[in-house]
Amino acid sequence: MTHQTTIGRTVGFLALALITAPAHAEATEPDDALLEEGRQIFVELAEPQCAVCHALSDADAVGEIGPNLDDLQPSAQQVHAAVTGGVGVMPAYDGLLTQEQIDALAVYVAQVTGADTSLED
Ligand code: HEC
C-alpha cells in the first residue's frame, strides 16, 4: 500500500511538471526561430513592409507614418489585431500573411519591445 502511494505521488508530480513546464517556457521565452521568422516578416516579407511606416530599433526600422513601436510597446495580442484587421491607414494583412506568420510577427514585436508576448486571452 505504502509503495503504491509513493508511485502515485511520483506520477502525479511528473504529470504536473509536464503540464506546467512547457507552458511557462512559451509564455516567457519565445523560441528563437519564431522570433527570427517574425523579424524577417517585419523587415521583408510583409507587403507593404511594416518598416516603411514604423520605427522598431531591433529591426533597424525608422518609418514615421505609424506610431514608434519601441515607444508604444504593443502586446502580442494588440499587434495581432492591428495586423489582421488594419487600423486607420494601416492596411489589413489578413489573406496576405498566414495566421502562423501573423502569430510570429506579433510575438516578435512584443518580445523586442518588452511587452506581453502571450497570444492567449
Ligand atoms: C502604410 C503604413 C503602415 C504600414 C505598412 C503598417 N502600419 Fe502599423 N500603423 C500605421 C498607422 C498610421 C497606425 C496608427 C493607426 C491609428 O491609430 O489610427 C498603425 C498602428 C499600428 C499598431 C498599433 C495598433 C494599436 O493597437 O494601436 C501596431 C502594433 C502596428 N501598427 C504594427 C504594424 C505591423 C507589425 C506592420 C507590418 C505587418 C504594420 N504595422 C504595417 C501604419 C502602418
# chains A, B, ... in the order shown; residues from 1 in each chain; ligands from 1
>>> residues_near_ligand(ligand="ligand 1", cutoff="6 Å", atoms="only C-alpha atoms and all ligand atoms", output="list in words")
Phe42, Ala46, Pro48, Gln49, Cys50, Val52, Cys53, Ile65, Gly66, Pro67, Pro74, Gln78, Val79, Ala82, Val83, Val87, Gly88, Val89 and Met90 of chain A
>>> residues_around(residues="range 57-62 of chain A", least_positions_apart="3", cutoff="9 Å", atoms="only C-alpha atoms", output="PDB file with N, CA, C and O atoms, in the first residue's frame")
ATOM      1  N   ARG A  39      10.927  38.664 -37.242  1.00  0.00           N
ATOM      2  CA  ARG A  39      11.759  39.796 -37.666  1.00  0.00           C
ATOM      3  C   ARG A  39      11.811  39.868 -39.195  1.00  0.00           C
ATOM      4  O   ARG A  39      11.721  40.948 -39.780  1.00  0.00           O
ATOM      5  N   GLN A  40      11.941  38.715 -39.811  1.00  0.00           N
ATOM      6  CA  GLN A  40      12.023  38.670 -41.270  1.00  0.00           C
ATOM      7  C   GLN A  40      10.711  39.144 -41.912  1.00  0.00           C
ATOM      8  O   GLN A  40      10.730  39.847 -42.923  1.00  0.00           O
ATOM      9  N   PHE A  42       8.657  41.246 -40.518  1.00  0.00           N
ATOM     10  CA  PHE A  42       8.587  42.692 -40.260  1.00  0.00           C
ATOM     11  C   PHE A  42       9.399  43.492 -41.276  1.00  0.00           C
ATOM     12  O   PHE A  42       8.922  44.479 -41.830  1.00  0.00           O
ATOM     13  N   VAL A  43      10.631  43.076 -41.530  1.00  0.00           N
ATOM     14  CA  VAL A  43      11.520  43.873 -42.382  1.00  0.00           C
ATOM     15  C   VAL A  43      11.386  43.546 -43.865  1.00  0.00           C
ATOM     16  O   VAL A  43      11.769  44.355 -44.710  1.00  0.00           O
ATOM     17  N   CYS A  50       6.247  46.558 -42.800  1.00  0.00           N
ATOM     18  CA  CYS A  50       5.975  47.272 -41.547  1.00  0.00           C
ATOM     19  C   CYS A  50       6.990  48.395 -41.354  1.00  0.00           C
ATOM     20  O   CYS A  50       6.655  49.470 -40.850  1.00  0.00           O
ATOM     21  N   ALA A  51       8.237  48.139 -41.737  1.00  0.00           N
ATOM     22  CA  ALA A  51       9.334  49.081 -41.509  1.00  0.00           C
ATOM     23  C   ALA A  51       9.160  50.391 -42.290  1.00  0.00           C
ATOM     24  O   ALA A  51       9.743  51.411 -41.934  1.00  0.00           O
ATOM     25  N   VAL A  52       8.344  50.365 -43.345  1.00  0.00           N
ATOM     26  CA  VAL A  52       8.082  51.586 -44.110  1.00  0.00           C
ATOM     27  C   VAL A  52       7.363  52.617 -43.226  1.00  0.00           C
ATOM     28  O   VAL A  52       7.617  53.814 -43.323  1.00  0.00           O
ATOM     29  N   CYS A  53       6.506  52.133 -42.360  1.00  0.00           N
ATOM     30  CA  CYS A  53       5.664  53.043 -41.559  1.00  0.00           C
ATOM     31  C   CYS A  53       6.017  53.096 -40.079  1.00  0.00           C
ATOM     32  O   CYS A  53       5.564  53.986 -39.372  1.00  0.00           O
ATOM     33  N   HIS A  54       6.768  52.120 -39.584  1.00  0.00           N
ATOM     34  CA  HIS A  54       7.012  52.060 -38.142  1.00  0.00           C
ATOM     35  C   HIS A  54       8.492  52.042 -37.805  1.00  0.00           C
ATOM     36  O   HIS A  54       9.280  51.381 -38.482  1.00  0.00           O
ATOM     37  N   ASN A  68       5.725  54.837 -33.288  1.00  0.00           N
ATOM     38  CA  ASN A  68       7.003  54.198 -32.967  1.00  0.00           C
ATOM     39  C   ASN A  68       6.702  53.008 -32.053  1.00  0.00           C
ATOM     40  O   ASN A  68       6.169  53.181 -30.961  1.00  0.00           O
ATOM     41  N   LEU A  69       7.026  51.803 -32.511  1.00  0.00           N
ATOM     42  CA  LEU A  69       6.647  50.602 -31.756  1.00  0.00           C
ATOM     43  C   LEU A  69       7.508  50.413 -30.510  1.00  0.00           C
ATOM     44  O   LEU A  69       7.068  49.802 -29.544  1.00  0.00           O
ATOM     45  N   ASP A  70       8.725  50.956 -30.509  1.00  0.00           N
ATOM     46  CA  ASP A  70       9.551  50.904 -29.286  1.00  0.00           C
ATOM     47  C   ASP A  70       8.865  51.671 -28.159  1.00  0.00           C
ATOM     48  O   ASP A  70       8.909  51.280 -27.010  1.00  0.00           O
ATOM     49  N   VAL A 109       7.365  41.355 -32.209  1.00  0.00           N
ATOM     50  CA  VAL A 109       7.271  42.784 -31.861  1.00  0.00           C
ATOM     51  C   VAL A 109       7.099  42.954 -30.346  1.00  0.00           C
ATOM     52  O   VAL A 109       7.763  43.798 -29.725  1.00  0.00           O
ATOM     53  N   VAL A 112      10.587  42.108 -28.502  1.00  0.00           N
ATOM     54  CA  VAL A 112      11.694  43.064 -28.614  1.00  0.00           C
ATOM     55  C   VAL A 112      11.357  44.435 -28.031  1.00  0.00           C
ATOM     56  O   VAL A 112      12.245  45.249 -27.834  1.00  0.00           O
ATOM     57  N   THR A 113      10.081  44.696 -27.766  1.00  0.00           N
ATOM     58  CA  THR A 113       9.726  45.959 -27.131  1.00  0.00           C
ATOM     59  C   THR A 113       9.454  45.767 -25.634  1.00  0.00           C
ATOM     60  O   THR A 113       9.096  46.707 -24.934  1.00  0.00           O
TER      61      THR A 113
END
>>> residues_around(residues="Ala110 in chain A", least_positions_apart="5", cutoff="8 Å", atoms="only C-alpha atoms", output="MDAnalysis selection string")
chainID A and resid 73:76 79 115:117
>>> write_last_selection(atoms="C-alpha atoms", output="CSV table (one decimal), in the first residue's frame")
chain,number,residue,atom,x,y,z
A,73,GLN,CA,5.2,48.6,-26.7
A,74,PRO,CA,2.2,46.8,-28.1
A,75,SER,CA,1.3,43.4,-26.6
A,76,ALA,CA,1.3,40.4,-29.0
A,79,VAL,CA,-0.1,43.6,-32.8
A,115,ALA,CA,5.6,43.8,-24.0
A,116,ASP,CA,3.4,40.8,-23.2
A,117,THR,CA,4.1,38.0,-25.7
>>> atom_distance(atom1="CA of Asp32 in chain A", atom2="CA of Ala55 in chain A")
21.7 Å
>>> atom_distance(atom1="CA of Ser118 in chain A", atom2="CA of Glu64 in chain A")
26.8 Å
>>> closest_residue(among="A:Leu72, A:Leu119, A:Ile41, A:Ala33", to="Thr98 in chain A", atoms="only C-alpha atoms")
A:Ile41
